[in-house]
There are 2 protein chains.
Amino acid sequence: MTTAPATPHRVVVVGAGFGGLQATFDLRGAPVNITLIDRRNHHLFQPLLYQVATASLATSEIAWPIRYLLRDRPEVTTLFATVTGVDANTKRVLLEDGDAQPYDTLVLATGARHAYFGHDEWEPFAPGLKTLEDATTLRRRILVAFERAERETDPARRAALLTFVIVGAGPTGVELAGTIAELAQDTLPPDFRNIDTHKTRVVLIEAGPRVLAGFADDLSAYAQAALEKIGVEVMLGQAVTECSADGVVYGGHKLDAKTLIWAAGVRASPAAEWLGAPADRAGRLQVEPDLTVPGHPDIFAVGDTVMVADPDGNPVPGIAPAAKQQGHYVADTIKARLRGGKLAPFRYKHAGSLAQIGKKQAVIDFGRFKLRGTLAWWLWGIAHIYFLIGLRNRLSVALSWLWSHARDQRSARLITQGSSKVVR
Amino acid sequence: MTTAPATPHRVVVVGAGFGGLQATFDLRGAPVNITLIDRRNHHLFQPLLYQVATASLATSEIAWPIRYLLRDRPEVTTLFATVTGVDANTKRVLLEDGDAQPYDTLVLATGARHAYFGHDEWEPFAPGLKTLEDATTLRRRILVAFERAERETDPARRAALLTFVIVGAGPTGVELAGTIAELAQDTLPPDFRNIDTHKTRVVLIEAGPRVLAGFADDLSAYAQAALEKIGVEVMLGQAVTECSADGVVYGGHKLDAKTLIWAAGVRASPAAEWLGAPADRAGRLQVEPDLTVPGHPDIFAVGDTVMVADPDGNPVPGIAPAAKQQGHYVADTIKARLRGGKLAPFRYKHAGSLAQIGKKQAVIDFGRFKLRGTLAWWLWGIAHIYFLIGLRNRLSVALSWLWSHARDQRSARLITQGSSKVVR
């Protein structure tokens with residue numbers, strides 16, 4: 001006598017960032033069918049995105065086709081599609097093309113975009129950095145600014161072209177500022193004939209009282225000094241009140257600058273709106289201790305689209321390791337439930353914070369263990385190569401960095417999506 | 001007693017492709033000031049562009065910032081600008097932004113685009129392959145076709161999505177067809193759940209009687225057999241009479257296909273129009289035996305924008321080595337003239353023809369020495385790595401190829417410039 005096999009439990013994961021991918025990876029072997037939906041065909045290693053924007057790395061060095069990462073998982077189906085909503089009553093994820101994907105358990109890992117605090121009209125002038133296209137757009141703007149300066153004869157306009165403003169001094173802002181300074185000081189000087197790229201101004205504007213607010217005080221001070229040493233002008237306690245094609249206004253000052261970069265605010269995906277669930281000011285879902293959405297025990301949410309507190313009551317930071325821990329927890333919870341059990345509430349363990357500053361300098365804050373300077377920079381590099389997926393990209397990124405630092409050469413200084421005709 | 005130094009002779013080179021760059025390189029040490037103008041910021045290794053289109057290589061592996069290549073040549077100024085004309089009377093190159101660049105000697109190396117034989121309306125449906133943007137656009141179309149097929153339930157529409165048509169069986173068409181077949185047969189199968197990518201149709205349509213018309217007959221026959229062995233359908237003696245969003249019409253047949261690629265015709269840059277000089281049907285300048293434009297002894301033209309005959313009276317092919325030989329000859333002629341001398345007419349030496357077919361197969365035609373198969377493929381690979389500029393890109397391309405062939409993995413399978421929202 002045989003029993004017909006039960007229909008496997010259907011898990012739908014929306015978003016193949018760090019959280020969604022980790023949940024999918026960790027469900028390996030569980031009696032489930034998984035559908036992983038993303039509107040991009042690639043998983044992106046966001047911590048190194050600023051290096052694509054500053055011409056150090058190629059796009060393919062920090063991105064992987066999602067379905068390639070899951071090729072040996074026949075129970076996982078990857079969908080290249082855009083989600084527009086969730087119908088929690090019929091338990092279906094709604095897709096933009098009219099299809100709907102039924103689920104038994106849903107994992108929302110839909111991330112966040114940059115936000116302008118009610119000033120979305122600033123976005124064209126001060127783009128942010130979340131996707132590969134953001135990075136190649138920024139790269140184009142940065143490189144074109146130097147090209148235009150080379151041909152500009154008016155001193156004031158030339159100075160504005162050689163002024164780069166970064167708004168927000170978190171890790172991304174600090175890393176961008178340091179790398180642009182490095183580009184101007186070390187990589188570009190021999191290439192230009194009419195301008196001296198050493199005269200480039202890189203201005204880092206932060207509303208708070210220090211750079212790298214997530215790090216210990218002494219590391220913040222060290223990072224600021226290291227940035228200033230390579231020529232970055234750090235403006236603290238200054239709120240930006242206007243961004244335009246001509247520059248930026250902060251603390252009553254107007255600064256003429258043709259390149260502005262936004263690294264300040266974050267706005268969560270509309271996952272909370274899809275469910276009509278409670279959210280904070282940045283749109284982040286407030287979830288239960290087991291990362292389920294209040295009133296929806298079959299819907300989990302992880303990563304940048306949720307607001308969770310760590311054991312001390314502080315908000316869990318929007319960084320890759322946090323999203324991965326949450327993805328891992330959700331996979332374990334789903335497996336436990338299928339066995340009829342449950343897990344203790346999610347507990348975030350902060351492994352540490354790292355930021356590169358430029359010129360072979362970094363700061364590392366592991367709580368009791370803190371490190372700064374060149375040794376920190378080596379650890380930073382090794383850690384990031386370790387967390388890349390696959391030997392091939394590790395070798396490739398290591399080769400690119402080796403070349404950048406041995407030769408002051410950037411491998412990806414390409415202006416694409418527009419000839420000189422389009423961009424001038 | 002000192003003499004004031006004479007104003008150096010001003011050479012303007014328009015175009016930093018193989019011909020213009022070679023002329024600039026070979027003028028090293030000559031008593032000239034050089035201005036090199038290009039509307040792109042990068043030199044592109046076009047012979048491997050099809051590998052970017054088929055996700056094997058990253059853009060930065062086959063492109064270099066022009067001013068970086070000339071960083072140690074203080075007498076060379078690189079201009080990122082678009083040329084709109086030449087005023088031969090006042091000896092000035094006219095730029096789109098209103099500037100003008102005076103010259104004593106002008107070198108036009110402005111290349112060619114693909115052409116549709118009077119059917120420019122086909123371009124949106126059957127894009128060609130000349131720039132990095134062309135390559136990333138094609139890559140996106142190819143990868144998106146597989147993604148859409150995976151989600152398509154109608155068998156006829158799914159078949160059309162899995163049908164790839166390449167028009168033109170010269171080296172680019174053959175290389176694209178072979179590589180797309182390889183992608184479908186070897187790389188993609190484990191990644192998809194609903195479609196069998198082995199069922200992909202790759203159709204290569206050629207108006208002439210054989211593939212690779214520039215090669216010896218037996219190599220053409222071999223290449224065709226090799227293509228057919230990996231599943232490419234070769235249609236010879238068939239003129240395409242219509243391209244649309246639904247497919248292609250050739251020889252009275254209609255073939256439903258969602259991805260068409262144009263590798264058939266070439267149209268020269270408007271250099272002949274700028275000068276009102278005689279040109280052939282493809283717009284190529286007819287130049288004197290010393291590569292000057294008739295009536296303009298101070299204007300040279302080289303590469304794909306000119307029509308020259310080899311010593312046997314056959315047209316010199318539009319390939320990189322031909323453009324480089326012409327650039328070299330022009331640099332030597334300029335140097336000879338500055339010394340008061342002149343050179344014998346330009347003589348093209350055909351070094352050989354190479355084409356990759358896919359699945360570790362290539363054909364090489366060095367005249368008396370011919371080679372085909374896997375050994376030819378190794379030689380093809382080594383030759384192409386040798387001709388790349390710089391150790392860094394050589395290592396990087398070698399690494400990419402090693403991975404592609406050892407693992408059937410493509411490193412650059414990224415759909416960019418458009419999420420699923422935009423492309424569906």
# chains A, B, ... in the order shown; residues from 1 in each chain; ligands from 1
$ residues_around --residues "Leu379 in chain A" --least-positions-apart "4" --cutoff "12 Å" --atoms "only C-alpha atoms" --output "VMD selection string"
chain A and resid 353 to 356 360 to 365 370 to 375 383 to 386
$ write_last_selection --atoms "C-alpha atoms" --output "compact mmCIF listing (two decimals), in the first residue's frame"
# COMPACT_ATOMS: atom_id res chain seq x y z
CA SER A 353 31.58 47.37 11.09
CA LEU A 354 34.12 48.00 8.37
CA ALA A 355 34.75 50.97 6.11
CA GLN A 356 37.47 51.76 3.63
CA LYS A 360 45.07 51.95 1.85
CA GLN A 361 43.30 53.07 5.02
CA ALA A 362 40.29 51.49 6.70
CA VAL A 363 38.58 51.35 10.07
CA ILE A 364 37.25 48.18 11.66
CA ASP A 365 35.03 48.15 14.74
CA LYS A 370 39.17 47.90 16.97
CA LEU A 371 41.63 48.47 14.15
CA ARG A 372 42.54 51.32 11.84
CA GLY A 373 45.11 52.17 9.16
CA THR A 374 46.81 49.96 6.60
CA LEU A 375 46.47 46.67 8.46
CA ALA A 383 37.01 40.09 4.27
CA HIS A 384 35.32 41.49 1.18
CA ILE A 385 36.99 39.02 -1.16
CA TYR A 386 35.99 36.23 1.22
$ residues_around --residues "Val52 in chain A" --least-positions-apart "6" --cutoff "8 Å" --atoms "only C-alpha atoms" --output "VMD selection string"
chain A and resid 58 to 59 132 135 to 136 139 412
$ residues_around --residues "Trp64 in chain A" --least-positions-apart "4" --cutoff "8 Å" --atoms "only C-alpha atoms" --output "PyMOL selection string"
(chain A and resi 42-44+60+68-69) or (chain B and resi 411-414)
$ closest_residue --among "B:Ser244, B:Thr259, B:Asn194, B:Gln326" --to "chain A" --atoms "only C-alpha atoms"
B:Asn194
$ closest_residue --among "B:Gly19, B:Gly283, B:Pro317, B:Pro189" --to "chain A" --atoms "only C-alpha atoms"
B:Pro189
$ interface_residues --of "chain B" --to "chain A" --cutoff "8 Å" --atoms "only C-alpha atoms" --output "PyMOL selection string"
chain B and resi 39-42+58-60+63-65+67-68+70-72+74+77-82+96+132-133+147+151+190-193+392+396+399+403+411-417+419-421
$ write_last_selection --atoms "N, CA and C atoms" --output "short mmCIF file (atom, residue, chain, number, x, y, z; two decimals), in the first residue's frame"
data_model
loop_
_atom_site.label_atom_id
_atom_site.label_comp_id
_atom_site.auth_asym_id
_atom_site.auth_seq_id
_atom_site.Cartn_x
_atom_site.Cartn_y
_atom_site.Cartn_z
N ARG B 39 34.71 60.76 -29.88
CA ARG B 39 33.47 61.05 -29.15
C ARG B 39 33.21 60.04 -28.05
N ARG B 40 34.07 59.01 -27.97
CA ARG B 40 34.06 58.07 -26.86
C ARG B 40 35.29 58.34 -26.02
N ASN B 41 35.25 57.94 -24.75
CA ASN B 41 36.47 58.12 -23.95
C ASN B 41 37.36 56.89 -24.01
N HIS B 42 36.95 55.86 -24.81
CA HIS B 42 37.72 54.62 -24.79
C HIS B 42 38.03 54.10 -26.18
N ALA B 58 33.52 41.08 -19.86
CA ALA B 58 33.01 42.34 -19.35
C ALA B 58 33.47 43.48 -20.25
N THR B 59 32.73 44.57 -20.26
CA THR B 59 33.08 45.71 -21.11
C THR B 59 34.51 46.18 -20.86
N SER B 60 34.90 46.26 -19.59
CA SER B 60 36.21 46.84 -19.30
C SER B 60 37.35 45.92 -19.70
N ALA B 63 38.22 47.36 -23.43
CA ALA B 63 38.21 48.81 -23.70
C ALA B 63 39.16 49.50 -22.73
N TRP B 64 39.78 50.56 -23.19
CA TRP B 64 40.78 51.31 -22.41
C TRP B 64 40.49 52.79 -22.57
N PRO B 65 40.59 53.57 -21.47
CA PRO B 65 40.46 55.02 -21.63
C PRO B 65 41.56 55.53 -22.56
N ARG B 67 42.87 58.50 -23.00
CA ARG B 67 43.92 59.35 -22.43
C ARG B 67 44.86 58.57 -21.51
N TYR B 68 44.37 57.45 -20.97
CA TYR B 68 45.26 56.60 -20.20
C TYR B 68 46.34 55.98 -21.09
N LEU B 70 47.72 57.23 -23.52
CA LEU B 70 48.66 58.25 -23.98
C LEU B 70 49.16 59.11 -22.83
N ARG B 71 49.08 58.57 -21.58
CA ARG B 71 49.42 59.39 -20.42
C ARG B 71 50.88 59.81 -20.39
N ASP B 72 51.77 58.98 -21.01
CA ASP B 72 53.19 59.33 -20.97
C ASP B 72 53.64 60.05 -22.24
N PRO B 74 53.37 63.68 -23.34
CA PRO B 74 52.91 65.04 -23.05
C PRO B 74 52.56 65.85 -24.29
N THR B 77 47.39 65.63 -26.79
CA THR B 77 46.22 66.07 -26.04
C THR B 77 45.02 65.26 -26.52
N THR B 78 44.31 64.66 -25.59
CA THR B 78 43.13 63.87 -25.95
C THR B 78 41.89 64.73 -25.75
N LEU B 79 41.05 64.82 -26.75
CA LEU B 79 39.79 65.59 -26.63
C LEU B 79 38.61 64.63 -26.70
N PHE B 80 37.75 64.72 -25.71
CA PHE B 80 36.50 63.95 -25.68
C PHE B 80 35.44 64.84 -26.33
N ALA B 81 35.26 64.73 -27.63
CA ALA B 81 34.40 65.67 -28.36
C ALA B 81 33.93 65.02 -29.65
N THR B 82 32.84 65.56 -30.19
CA THR B 82 32.26 65.04 -31.42
C THR B 82 32.59 65.99 -32.58
N GLU B 96 31.26 69.82 -32.42
CA GLU B 96 29.83 70.03 -32.21
C GLU B 96 29.54 71.16 -31.23
N LEU B 132 30.33 49.52 -27.43
CA LEU B 132 30.08 48.82 -26.16
C LEU B 132 28.59 48.82 -25.82
N GLU B 133 27.91 49.93 -26.12
CA GLU B 133 26.47 50.00 -25.83
C GLU B 133 25.71 49.01 -26.72
N GLU B 147 14.70 34.60 -20.58
CA GLU B 147 13.87 34.85 -19.40
C GLU B 147 12.39 34.85 -19.77
N ARG B 151 8.94 32.07 -18.94
CA ARG B 151 7.64 32.39 -18.36
C ARG B 151 6.50 32.29 -19.36
N PRO B 190 21.21 24.08 -17.16
CA PRO B 190 20.88 23.79 -15.75
C PRO B 190 20.16 24.92 -15.04
N ASP B 191 20.11 26.12 -15.65
CA ASP B 191 19.58 27.28 -14.94
C ASP B 191 18.07 27.43 -15.08
N PHE B 192 17.46 26.78 -16.08
CA PHE B 192 16.04 27.01 -16.33
C PHE B 192 15.22 25.80 -15.92
N ARG B 193 13.96 26.06 -15.54
CA ARG B 193 13.10 25.00 -15.03
C ARG B 193 11.98 24.66 -16.02
N ARG B 392 47.31 43.60 -17.73
CA ARG B 392 46.14 43.45 -16.89
C ARG B 392 44.95 42.89 -17.65
N SER B 396 43.10 39.21 -17.40
CA SER B 396 41.67 39.19 -17.11
C SER B 396 40.89 38.40 -18.16
N LEU B 399 41.65 34.72 -17.82
CA LEU B 399 40.90 34.17 -16.69
C LEU B 399 39.44 33.93 -17.07
N TRP B 403 37.61 30.21 -17.32
CA TRP B 403 36.40 29.86 -16.58
C TRP B 403 35.28 29.43 -17.50
N SER B 411 30.84 34.80 -17.31
CA SER B 411 31.01 35.68 -16.16
C SER B 411 30.15 36.93 -16.24
N ALA B 412 29.63 37.28 -17.38
CA ALA B 412 29.01 38.59 -17.53
C ALA B 412 27.55 38.49 -17.96
N ARG B 413 26.82 37.53 -17.37
CA ARG B 413 25.42 37.33 -17.77
C ARG B 413 24.51 38.32 -17.07
N LEU B 414 24.74 39.59 -17.27
CA LEU B 414 23.99 40.60 -16.55
C LEU B 414 23.03 41.32 -17.48
N ILE B 415 21.79 41.42 -17.03
CA ILE B 415 20.82 42.25 -17.73
C ILE B 415 20.85 43.61 -17.05
N THR B 416 21.34 44.63 -17.75
CA THR B 416 21.38 45.97 -17.15
C THR B 416 20.59 46.92 -18.02
N GLN B 417 20.51 48.18 -17.58
CA GLN B 417 19.72 49.18 -18.30
C GLN B 417 18.29 48.70 -18.47
N SER B 419 15.05 46.95 -15.63
CA SER B 419 14.60 45.84 -14.82
C SER B 419 13.58 45.07 -15.63
N SER B 420 12.99 44.04 -15.03
CA SER B 420 11.99 43.23 -15.73
C SER B 420 10.82 44.11 -16.15
N LYS B 421 10.57 45.16 -15.39
CA LYS B 421 9.50 46.11 -15.67
C LYS B 421 9.66 46.74 -17.05
#
$ residues_around --residues "Arg113 in chain B" --least-positions-apart "5" --cutoff "8 Å" --atoms "only C-alpha atoms" --output "list in words"
Lys130, Val266, Arg267, Ala268 and Ser269 of chain B
$ atom_distance --atom1 "CA of Thr163 in chain B" --atom2 "CA of His119 in chain B"
22.3 Å
$ closest_residue --among "A:Asn314, A:Thr105, A:Ser220, A:Thr24" --to "His296 in chain A" --atoms "only C-alpha atoms"
A:Thr105
$ atom_distance --atom1 "CA of Gln325 in chain B" --atom2 "CA of Arg28 in chain B"
16.1 Å
$ select_by_dssp --residues "range 17-113 of chain B" --states "alpha helix (DSSP H)" --output "list in words"
Phe18, Gly19, Gly20, Leu21, Gln22, Ala23, Thr24, Phe25, Asp26, Leu49, Tyr50, Gln51, Val52, Ala53, Ile66, Arg67, Tyr68 and Leu69 of chain B
$ write_last_selection --atoms "all heavy atoms" --output "compact mmCIF listing (two decimals), in the first residue's frame"
# COMPACT_ATOMS: atom_id res chain seq x y z
N PHE B 18 41.61 51.49 -34.20
CA PHE B 18 42.91 50.89 -34.47
C PHE B 18 43.80 51.79 -35.34
O PHE B 18 44.99 51.93 -35.09
CB PHE B 18 42.74 49.52 -35.15
CG PHE B 18 42.24 48.48 -34.21
CD1 PHE B 18 40.92 48.02 -34.27
CD2 PHE B 18 43.07 47.94 -33.25
CE1 PHE B 18 40.47 47.05 -33.41
CE2 PHE B 18 42.62 46.96 -32.37
CZ PHE B 18 41.31 46.52 -32.45
N GLY B 19 43.21 52.44 -36.37
CA GLY B 19 44.02 53.26 -37.29
C GLY B 19 44.53 54.53 -36.65
O GLY B 19 45.72 54.84 -36.70
N GLY B 20 43.62 55.28 -36.03
CA GLY B 20 44.00 56.56 -35.43
C GLY B 20 44.97 56.39 -34.27
O GLY B 20 45.93 57.16 -34.12
N LEU B 21 44.72 55.37 -33.47
CA LEU B 21 45.60 55.14 -32.32
C LEU B 21 47.00 54.72 -32.79
O LEU B 21 48.01 55.18 -32.25
CB LEU B 21 44.98 54.06 -31.43
CG LEU B 21 45.47 54.00 -29.99
CD1 LEU B 21 45.25 55.32 -29.26
CD2 LEU B 21 44.74 52.88 -29.25
N GLN B 22 47.05 53.87 -33.83
CA GLN B 22 48.35 53.43 -34.33
C GLN B 22 49.14 54.62 -34.87
O GLN B 22 50.34 54.75 -34.60
CB GLN B 22 48.16 52.39 -35.44
CG GLN B 22 49.45 51.67 -35.84
CD GLN B 22 49.94 50.78 -34.72
OE1 GLN B 22 49.18 50.01 -34.14
NE2 GLN B 22 51.23 50.89 -34.39
N ALA B 23 48.49 55.49 -35.63
CA ALA B 23 49.17 56.69 -36.15
C ALA B 23 49.73 57.51 -34.99
O ALA B 23 50.87 57.97 -35.03
CB ALA B 23 48.20 57.51 -36.99
N THR B 24 48.91 57.68 -33.93
CA THR B 24 49.35 58.47 -32.78
C THR B 24 50.53 57.79 -32.07
O THR B 24 51.52 58.43 -31.73
CB THR B 24 48.17 58.65 -31.80
OG1 THR B 24 47.05 59.18 -32.53
CG2 THR B 24 48.53 59.61 -30.68
N PHE B 25 50.41 56.48 -31.86
CA PHE B 25 51.52 55.75 -31.23
C PHE B 25 52.81 55.92 -32.04
O PHE B 25 53.88 56.18 -31.48
CB PHE B 25 51.20 54.25 -31.15
CG PHE B 25 50.24 53.87 -30.04
CD1 PHE B 25 49.59 52.64 -30.08
CD2 PHE B 25 50.00 54.71 -28.97
CE1 PHE B 25 48.71 52.26 -29.07
CE2 PHE B 25 49.11 54.35 -27.96
CZ PHE B 25 48.47 53.12 -28.02
N ASP B 26 52.70 55.80 -33.37
CA ASP B 26 53.91 55.76 -34.20
C ASP B 26 54.49 57.14 -34.46
O ASP B 26 55.58 57.25 -35.03
CB ASP B 26 53.63 55.02 -35.51
CG ASP B 26 53.39 53.53 -35.27
OD1 ASP B 26 53.74 53.06 -34.17
OD2 ASP B 26 52.85 52.86 -36.16
N LEU B 49 34.21 42.12 -29.46
CA LEU B 49 32.97 42.74 -29.00
C LEU B 49 31.83 41.71 -28.92
O LEU B 49 30.99 41.77 -28.02
CB LEU B 49 32.60 43.88 -29.96
CG LEU B 49 31.58 44.90 -29.48
CD1 LEU B 49 31.97 45.50 -28.15
CD2 LEU B 49 31.43 46.00 -30.53
N TYR B 50 31.82 40.74 -29.84
CA TYR B 50 30.75 39.74 -29.80
C TYR B 50 30.78 38.93 -28.50
O TYR B 50 29.76 38.38 -28.09
CB TYR B 50 30.83 38.80 -31.02
CG TYR B 50 31.92 37.77 -30.93
CD1 TYR B 50 31.65 36.48 -30.50
CD2 TYR B 50 33.23 38.08 -31.24
CE1 TYR B 50 32.65 35.53 -30.39
CE2 TYR B 50 34.24 37.15 -31.14
CZ TYR B 50 33.94 35.88 -30.71
OH TYR B 50 34.93 34.95 -30.59
N GLN B 51 31.94 38.88 -27.84
CA GLN B 51 32.00 38.14 -26.58
C GLN B 51 31.38 38.93 -25.43
O GLN B 51 30.95 38.34 -24.43
CB GLN B 51 33.45 37.76 -26.25
CG GLN B 51 34.04 36.81 -27.29
CD GLN B 51 34.89 35.73 -26.67
OE1 GLN B 51 35.19 35.75 -25.48
NE2 GLN B 51 35.29 34.78 -27.49
N VAL B 52 31.36 40.25 -25.55
CA VAL B 52 30.60 41.04 -24.57
C VAL B 52 29.12 40.83 -24.81
O VAL B 52 28.33 40.65 -23.88
CB VAL B 52 30.97 42.54 -24.66
CG1 VAL B 52 30.08 43.38 -23.75
CG2 VAL B 52 32.44 42.75 -24.29
N ALA B 53 28.72 40.81 -26.09
CA ALA B 53 27.31 40.62 -26.43
C ALA B 53 26.79 39.26 -25.99
O ALA B 53 25.60 39.10 -25.73
CB ALA B 53 27.11 40.79 -27.94
N ILE B 66 41.17 56.31 -23.56
CA ILE B 66 42.15 56.77 -24.56
C ILE B 66 43.26 57.57 -23.89
O ILE B 66 44.44 57.35 -24.15
CB ILE B 66 41.44 57.62 -25.64
CG1 ILE B 66 40.40 56.77 -26.37
CG2 ILE B 66 42.45 58.18 -26.63
CD1 ILE B 66 39.35 57.58 -27.10
N ARG B 67 42.87 58.50 -23.00
CA ARG B 67 43.92 59.35 -22.43
C ARG B 67 44.86 58.57 -21.51
O ARG B 67 46.00 58.96 -21.34
CB ARG B 67 43.33 60.57 -21.73
CG ARG B 67 42.30 60.33 -20.67
CD ARG B 67 41.89 61.65 -19.97
NE ARG B 67 41.00 62.50 -20.74
CZ ARG B 67 41.38 63.57 -21.42
NH1 ARG B 67 42.62 63.96 -21.39
NH2 ARG B 67 40.51 64.29 -22.10
N TYR B 68 44.37 57.45 -20.97
CA TYR B 68 45.26 56.60 -20.20
C TYR B 68 46.34 55.98 -21.09
O TYR B 68 47.50 55.90 -20.72
CB TYR B 68 44.46 55.50 -19.48
CG TYR B 68 45.34 54.45 -18.88
CD1 TYR B 68 46.07 54.73 -17.73
CD2 TYR B 68 45.50 53.21 -19.49
CE1 TYR B 68 46.92 53.79 -17.19
CE2 TYR B 68 46.35 52.26 -18.96
CZ TYR B 68 47.06 52.56 -17.82
OH TYR B 68 47.92 51.63 -17.29
N LEU B 69 45.94 55.57 -22.31
CA LEU B 69 46.90 54.94 -23.22
C LEU B 69 48.00 55.92 -23.64
O LEU B 69 49.06 55.51 -24.08
CB LEU B 69 46.18 54.40 -24.45
CG LEU B 69 45.17 53.28 -24.20
CD1 LEU B 69 44.43 52.92 -25.49
CD2 LEU B 69 45.87 52.04 -23.63
$ atom_distance --atom1 "CA of Gly173 in chain B" --atom2 "CA of Gln185 in chain B"
18.1 Å
$ residues_around --residues "Arg157 in chain B" --least-positions-apart "6" --cutoff "9 Å" --atoms "only C-alpha atoms" --output "ChimeraX atom specification"
/B:149,256-258
$ write_last_selection --atoms "N, CA and C atoms" --output "PDB file, in the first residue's frame"
ATOM      1  N   ALA B 149      11.016  33.456 -22.404  1.00  0.00           N
ATOM      2  CA  ALA B 149      10.616  32.105 -22.820  1.00  0.00           C
ATOM      3  C   ALA B 149      10.284  31.247 -21.595  1.00  0.00           C
ATOM      4  N   ASP B 256       9.408  33.222 -37.518  1.00  0.00           N
ATOM      5  CA  ASP B 256       9.050  33.914 -36.276  1.00  0.00           C
ATOM      6  C   ASP B 256      10.243  33.889 -35.330  1.00  0.00           C
ATOM      7  N   ALA B 257      10.721  35.056 -34.967  1.00  0.00           N
ATOM      8  CA  ALA B 257      11.899  35.128 -34.095  1.00  0.00           C
ATOM      9  C   ALA B 257      11.869  36.457 -33.367  1.00  0.00           C
ATOM     10  N   LYS B 258      12.116  36.398 -32.047  1.00  0.00           N
ATOM     11  CA  LYS B 258      12.053  37.629 -31.258  1.00  0.00           C
ATOM     12  C   LYS B 258      13.405  38.319 -31.157  1.00  0.00           C
TER      13      LYS B 258
END
$ closest_residue --among "B:Ala109, B:Leu388, B:Asp120, B:Gly237" --to "Val330 in chain B" --atoms "only C-alpha atoms"
B:Ala109
$ residues_around --residues "Thr333 in chain A" --least-positions-apart "6" --cutoff "10 Å" --atoms "only C-alpha atoms" --output "ChimeraX atom specification"
/A:27,290-291,300,327,339,341-346
$ write_last_selection --atoms "C-alpha atoms" --output "short mmCIF file (atom, residue, chain, number, x, y, z; two decimals), in the first residue's frame"
data_model
loop_
_atom_site.label_atom_id
_atom_site.label_comp_id
_atom_site.auth_asym_id
_atom_site.auth_seq_id
_atom_site.Cartn_x
_atom_site.Cartn_y
_atom_site.Cartn_z
CA LEU A 27 16.14 26.00 2.78
CA ASP A 290 10.07 35.93 14.85
CA LEU A 291 10.27 38.32 11.83
CA PHE A 300 8.14 36.86 6.95
CA GLY A 327 17.38 35.13 6.03
CA ARG A 339 8.48 19.66 11.71
CA GLY A 341 8.13 23.10 16.16
CA LYS A 342 9.10 26.74 16.58
CA LEU A 343 12.23 28.76 17.26
CA ALA A 344 13.21 31.31 19.89
CA PRO A 345 12.86 34.96 18.72
CA PHE A 346 15.42 36.34 16.27
#
$ residues_around --residues "Ala213 in chain B" --least-positions-apart "4" --cutoff "10 Å" --atoms "only C-alpha atoms" --output "VMD selection string"
chain B and resid 169 to 171 208 to 209 217 219 to 220
$ closest_residue --among "B:Gly247, B:Pro31, B:Pro124, B:Gly276" --to "Val86 in chain B" --atoms "only C-alpha atoms"
B:Gly276
